Amino acid sequence: MINQQPALRSARQIASDVFERMVRKGDRVVDATLGTGQDCLRLCQLVGESGLVYGFDVQQDALRRTQERLDMHGVKDRAQLHLIGHERMADYVEQGIRLAAFNLGWLPGSDKQVTTKAETTLQALDSALNLLAPFGMLVVCIYPGHPEGAREERALLAWSARLSAQSYTVLWHQFVNGGPGAPSCLLVEKIK
Ligand SMILES: C[S@@+](CC[C@H](N)C(=O)[O-])C[C@H]1O[C@@H](n2cnc3c(N)ncnc32)[C@H](O)[C@@H]1O
C-alpha cells in the first residue's frame, strides 16, 4: 500500500521542501533558531562534508539538544553553534550564504517566555539579507497563534512588503482556511 502524505501539511513542510530544493553540497547556510536541532540536522545533511551550517539560539538547552542530535547522526563537524541571539549573526557569518532558516516562536517543551521577538527577528532578517549570495533564500516559519507571534507576523509582512521588487522576490504561503492562528511560511529570494 502506498503511504501517502498531504503535500501541503504544514508551514514547516513547505520550509523543508525549500531546503531540499535550494541547498547543495558545499553550501554555507544559517539556522537562526536551533531549537531541538531538527532543521539543523537536515541542513547539515544537505550541505555535506564540504559545507557549513552556522547555528544560533539564546538557550543553552537548545544548543545541547542540537549538539546531541548532530552527534548521533555523525554530522557535528558540519556545524558551528553559537549561544547568542541571531540579531548578532553578522559577527559570526561570512558573506555568501545560500539560505537562512528561521523557525520562530519558542523551544518545544520549555519556557514559552523565551520566544523570538519582532524587533530582534527583524534585525536578524536584515543581517541575513545582507549575507545572502545572489539567488539565496530566507525561509521563515511564523506562528501567529500567540500574541507575540501575531505581532511578529504583522511586522515581518510589513518589512517584506517594503523590500525592492528589483532585488528580492517575496512569497507568503498561508493556510487560508486554517483560522487566524495558522502558521505561515515567508520566503524571500535575493534576485540580484
Ligand atoms: C520553534 S524553536 C526552533 C525549532 C528548530 N528550528 C527545530 O528544528 O527544532 C524557536 C527557537 O528560537 C530561539 N530563540 C528565541 N529568540 C532567539 C534569538 N534572539 N536568537 C536566536 N534564537 C532565538 C528559542 O530559544 C527557540 O529555541
# chains A, B, ... in the order shown; residues from 1 in each chain; ligands from 1

$ select_by_dssp --residues "chain A" --states "alpha helix (DSSP H)" --output "PyMOL selection string"
chain A and resi 11-22+38-47+60-72+118-131+147-161

$ write_last_selection --atoms "C-alpha atoms" --output "short mmCIF file (atom, residue, chain, number, x, y, z; two decimals), in the first residue's frame"
data_model
loop_
_atom_site.label_atom_id
_atom_site.label_comp_id
_atom_site.auth_asym_id
_atom_site.auth_seq_id
_atom_site.Cartn_x
_atom_site.Cartn_y
_atom_site.Cartn_z
CA ALA A 11 4.47 25.61 7.18
CA ARG A 12 7.46 23.52 8.30
CA GLN A 13 6.87 21.09 5.46
CA ILE A 14 6.96 23.96 3.00
CA ALA A 15 10.19 25.19 4.60
CA SER A 16 11.74 21.77 4.44
CA ASP A 17 10.75 21.35 0.76
CA VAL A 18 12.57 24.63 0.08
CA PHE A 19 15.69 23.37 1.91
CA GLU A 20 15.76 20.31 -0.35
CA ARG A 21 15.34 22.40 -3.49
CA MET A 22 17.89 25.07 -2.59
CA GLN A 38 15.77 19.10 13.58
CA ASP A 39 16.25 21.75 10.91
CA CYS A 40 19.95 21.99 11.69
CA LEU A 41 20.37 18.25 11.18
CA ARG A 42 18.64 18.35 7.80
CA LEU A 43 20.74 21.34 6.73
CA CYS A 44 23.96 19.57 7.83
CA GLN A 45 22.97 16.56 5.73
CA LEU A 46 22.26 18.74 2.71
CA VAL A 47 25.49 20.80 2.84
CA GLN A 60 21.86 26.53 26.32
CA ASP A 61 19.30 23.72 26.23
CA ALA A 62 18.73 24.28 22.51
CA LEU A 63 22.46 24.07 21.80
CA ARG A 64 22.74 20.90 23.90
CA ARG A 65 19.80 19.23 22.15
CA THR A 66 21.11 20.22 18.73
CA GLN A 67 24.65 19.07 19.53
CA GLU A 68 23.33 15.69 20.71
CA ARG A 69 21.25 15.26 17.56
CA LEU A 70 24.14 16.14 15.25
CA ASP A 71 26.48 13.84 17.21
CA MET A 72 24.02 10.97 16.92
CA ALA A 118 9.58 41.11 16.31
CA GLU A 119 12.36 43.68 16.90
CA THR A 120 15.26 41.23 17.10
CA THR A 121 13.82 38.99 14.38
CA LEU A 122 13.72 41.99 12.02
CA GLN A 123 17.32 42.90 12.86
CA ALA A 124 18.35 39.31 12.15
CA LEU A 125 16.44 39.21 8.87
CA ASP A 126 18.15 42.42 7.72
CA SER A 127 21.54 40.88 8.56
CA ALA A 128 20.66 37.64 6.80
CA LEU A 129 19.58 39.52 3.67
CA ASN A 130 22.96 41.26 3.57
CA LEU A 131 24.78 37.92 3.96
CA PRO A 147 0.20 37.42 20.90
CA GLU A 148 3.96 37.90 20.27
CA GLY A 149 3.75 35.64 17.22
CA ALA A 150 0.86 37.68 15.80
CA ARG A 151 2.84 40.90 16.35
CA GLU A 152 5.86 39.28 14.73
CA GLU A 153 3.84 38.19 11.69
CA ARG A 154 2.45 41.70 11.15
CA ALA A 155 5.93 43.23 11.48
CA LEU A 156 7.52 40.71 9.10
CA LEU A 157 4.86 41.16 6.45
CA ALA A 158 5.21 44.95 6.61
CA TRP A 159 9.02 44.61 6.42
CA SER A 160 8.93 42.21 3.48
CA ALA A 161 6.38 44.30 1.56
#

$ residues_near_ligand --ligand "ligand 1" --cutoff "7 Å" --atoms "only C-alpha atoms and all ligand atoms" --output "ChimeraX atom specification"
/A:32-40,56-59,62,84-87,102-108,114-117,120-121

$ closest_atom_pairs --of "stretch 98-143 of chain A" --to "stretch 6-10 of chain A" --cutoff "12 Å" --atoms "only C-alpha atoms" --output "Markdown table"
| residue | atom | partner | partner_atom | distance |
| --- | --- | --- | --- | --- |
| A:Cys141 | CA | A:Ser10 | CA | 9.6 |
| A:Ile142 | CA | A:Ser10 | CA | 11.1 |
| A:Tyr143 | CA | A:Ser10 | CA | 11.2 |

$ write_last_selection --atoms "C-alpha atoms" --output "PDB file, in the first residue's frame"
ATOM      1  CA  CYS A 141       8.113  29.866   9.615  1.00  0.00           C
ATOM      2  CA  ILE A 142       5.799  32.168  11.563  1.00  0.00           C
ATOM      3  CA  TYR A 143       3.378  31.203  14.351  1.00  0.00           C
TER       4      TYR A 143
END

$ residues_around --residues "A:Gly136" --least-positions-apart "4" --cutoff "6 Å" --atoms "only C-alpha atoms" --output "ChimeraX atom specification"
/A:98-99,132,189-190

$ closest_residue --among "A:Phe135, A:Tyr92, A:Tyr168, A:Phe175" --to "A:Val53" --atoms "only C-alpha atoms"
A:Tyr92

$ residues_around --residues "A:Leu138" --least-positions-apart "3" --cutoff "6 Å" --atoms "only C-alpha atoms" --output "VMD selection string"
chain A and resid 99 to 100 187 to 188

$ select_by_dssp --residues "stretch 95-192 of chain A" --states "strand (DSSP E or B)" --output "PyMOL selection string"
chain A and resi 97-103+106+115+132-142+168-174+184-190

$ write_last_selection --atoms "N, CA and C atoms" --output "mmCIF file, in the first residue's frame"
data_model
loop_
_atom_site.group_PDB
_atom_site.id
_atom_site.type_symbol
_atom_site.label_atom_id
_atom_site.label_comp_id
_atom_site.auth_asym_id
_atom_site.auth_seq_id
_atom_site.Cartn_x
_atom_site.Cartn_y
_atom_site.Cartn_z
ATOM 1 N N ILE A 97 26.072 33.286 2.008
ATOM 2 C CA ILE A 97 25.295 32.105 2.412
ATOM 3 C C ILE A 97 24.194 31.814 1.377
ATOM 4 N N ARG A 98 23.872 30.530 1.278
ATOM 5 C CA ARG A 98 22.867 30.094 0.295
ATOM 6 C C ARG A 98 21.451 30.260 0.853
ATOM 7 N N LEU A 99 21.313 30.074 2.167
ATOM 8 C CA LEU A 99 19.966 30.079 2.754
ATOM 9 C C LEU A 99 20.068 30.406 4.241
ATOM 10 N N ALA A 100 19.046 31.093 4.755
ATOM 11 C CA ALA A 100 18.939 31.276 6.207
ATOM 12 C C ALA A 100 17.542 30.846 6.622
ATOM 13 N N ALA A 101 17.475 29.939 7.601
ATOM 14 C CA ALA A 101 16.190 29.402 8.068
ATOM 15 C C ALA A 101 15.850 29.996 9.423
ATOM 16 N N PHE A 102 14.630 30.474 9.562
ATOM 17 C CA PHE A 102 14.113 30.975 10.834
ATOM 18 C C PHE A 102 12.843 30.201 11.141
ATOM 19 N N ASN A 103 12.825 29.514 12.275
ATOM 20 C CA ASN A 103 11.606 28.837 12.709
ATOM 21 C C ASN A 103 11.245 29.509 14.030
ATOM 22 N N TRP A 106 8.972 29.516 20.325
ATOM 23 C CA TRP A 106 9.740 29.054 21.482
ATOM 24 C C TRP A 106 10.192 27.614 21.314
ATOM 25 N N THR A 115 10.667 33.489 23.686
ATOM 26 C CA THR A 115 10.206 33.336 22.312
ATOM 27 C C THR A 115 10.920 34.381 21.449
ATOM 28 N N LEU A 132 23.257 37.043 2.261
ATOM 29 C CA LEU A 132 22.854 36.069 1.224
ATOM 30 C C LEU A 132 23.674 36.208 -0.048
ATOM 31 N N ALA A 133 23.990 35.063 -0.659
ATOM 32 C CA ALA A 133 24.572 35.046 -2.005
ATOM 33 C C ALA A 133 23.455 35.400 -2.996
ATOM 34 N N PRO A 134 23.806 35.827 -4.215
ATOM 35 C CA PRO A 134 22.767 36.033 -5.224
ATOM 36 C C PRO A 134 21.956 34.743 -5.401
ATOM 37 N N PHE A 135 20.670 34.890 -5.492
ATOM 38 C CA PHE A 135 19.706 33.785 -5.593
ATOM 39 C C PHE A 135 19.638 32.942 -4.324
ATOM 40 N N GLY A 136 20.160 33.493 -3.231
ATOM 41 C CA GLY A 136 19.993 32.856 -1.920
ATOM 42 C C GLY A 136 18.593 33.143 -1.385
ATOM 43 N N MET A 137 18.219 32.429 -0.317
ATOM 44 C CA MET A 137 16.828 32.459 0.156
ATOM 45 C C MET A 137 16.716 32.566 1.673
ATOM 46 N N LEU A 138 15.778 33.391 2.135
ATOM 47 C CA LEU A 138 15.376 33.373 3.546
ATOM 48 C C LEU A 138 14.096 32.551 3.646
ATOM 49 N N VAL A 139 14.048 31.680 4.642
ATOM 50 C CA VAL A 139 12.881 30.813 4.837
ATOM 51 C C VAL A 139 12.413 31.021 6.272
ATOM 52 N N VAL A 140 11.201 31.559 6.447
ATOM 53 C CA VAL A 140 10.764 31.940 7.787
ATOM 54 C C VAL A 140 9.415 31.303 8.124
ATOM 55 N N CYS A 141 9.395 30.418 9.130
ATOM 56 C CA CYS A 141 8.113 29.866 9.615
ATOM 57 C C CYS A 141 7.615 30.754 10.750
ATOM 58 N N ILE A 142 6.367 31.187 10.626
ATOM 59 C CA ILE A 142 5.799 32.168 11.563
ATOM 60 C C ILE A 142 4.588 31.550 12.257
ATOM 61 N N TYR A 168 14.527 41.645 -4.680
ATOM 62 C CA TYR A 168 14.030 40.487 -3.919
ATOM 63 C C TYR A 168 12.658 40.055 -4.430
ATOM 64 N N THR A 169 12.443 38.734 -4.414
ATOM 65 C CA THR A 169 11.092 38.217 -4.642
ATOM 66 C C THR A 169 10.582 37.696 -3.307
ATOM 67 N N VAL A 170 9.363 38.092 -2.949
ATOM 68 C CA VAL A 170 8.801 37.695 -1.649
ATOM 69 C C VAL A 170 7.527 36.887 -1.888
ATOM 70 N N LEU A 171 7.470 35.729 -1.255
ATOM 71 C CA LEU A 171 6.282 34.875 -1.389
ATOM 72 C C LEU A 171 5.834 34.474 0.002
ATOM 73 N N TRP A 172 4.520 34.618 0.275
ATOM 74 C CA TRP A 172 3.997 34.266 1.594
ATOM 75 C C TRP A 172 3.019 33.111 1.440
ATOM 76 N N HIS A 173 3.364 31.961 2.019
ATOM 77 C CA HIS A 173 2.467 30.803 1.989
ATOM 78 C C HIS A 173 1.598 30.877 3.229
ATOM 79 N N GLN A 174 0.288 30.931 3.030
ATOM 80 C CA GLN A 174 -0.606 30.984 4.186
ATOM 81 C C GLN A 174 -1.727 29.968 4.012
ATOM 82 N N SER A 184 2.396 30.244 9.077
ATOM 83 C CA SER A 184 2.620 30.589 7.674
ATOM 84 C C SER A 184 4.115 30.515 7.381
ATOM 85 N N CYS A 185 4.440 30.578 6.107
ATOM 86 C CA CYS A 185 5.851 30.481 5.724
ATOM 87 C C CYS A 185 6.169 31.597 4.731
ATOM 88 N N LEU A 186 7.146 32.408 5.094
ATOM 89 C CA LEU A 186 7.547 33.548 4.259
ATOM 90 C C LEU A 186 8.883 33.229 3.587
ATOM 91 N N LEU A 187 8.941 33.429 2.275
ATOM 92 C CA LEU A 187 10.181 33.182 1.525
ATOM 93 C C LEU A 187 10.642 34.472 0.877
ATOM 94 N N VAL A 188 11.919 34.762 1.001
ATOM 95 C CA VAL A 188 12.485 35.946 0.350
ATOM 96 C C VAL A 188 13.701 35.486 -0.454
ATOM 97 N N GLU A 189 13.643 35.672 -1.763
ATOM 98 C CA GLU A 189 14.767 35.285 -2.617
ATOM 99 C C GLU A 189 15.493 36.540 -3.085
ATOM 100 N N LYS A 190 16.813 36.505 -2.977
ATOM 101 C CA LYS A 190 17.617 37.641 -3.455
ATOM 102 C C LYS A 190 17.848 37.433 -4.944
#

$ residues_around --residues "A:Leu52" --least-positions-apart "3" --cutoff "7 Å" --atoms "only C-alpha atoms" --output "list in words"
Asp27, Arg28, Val29, Val47, Arg78 and Ala79 of chain A
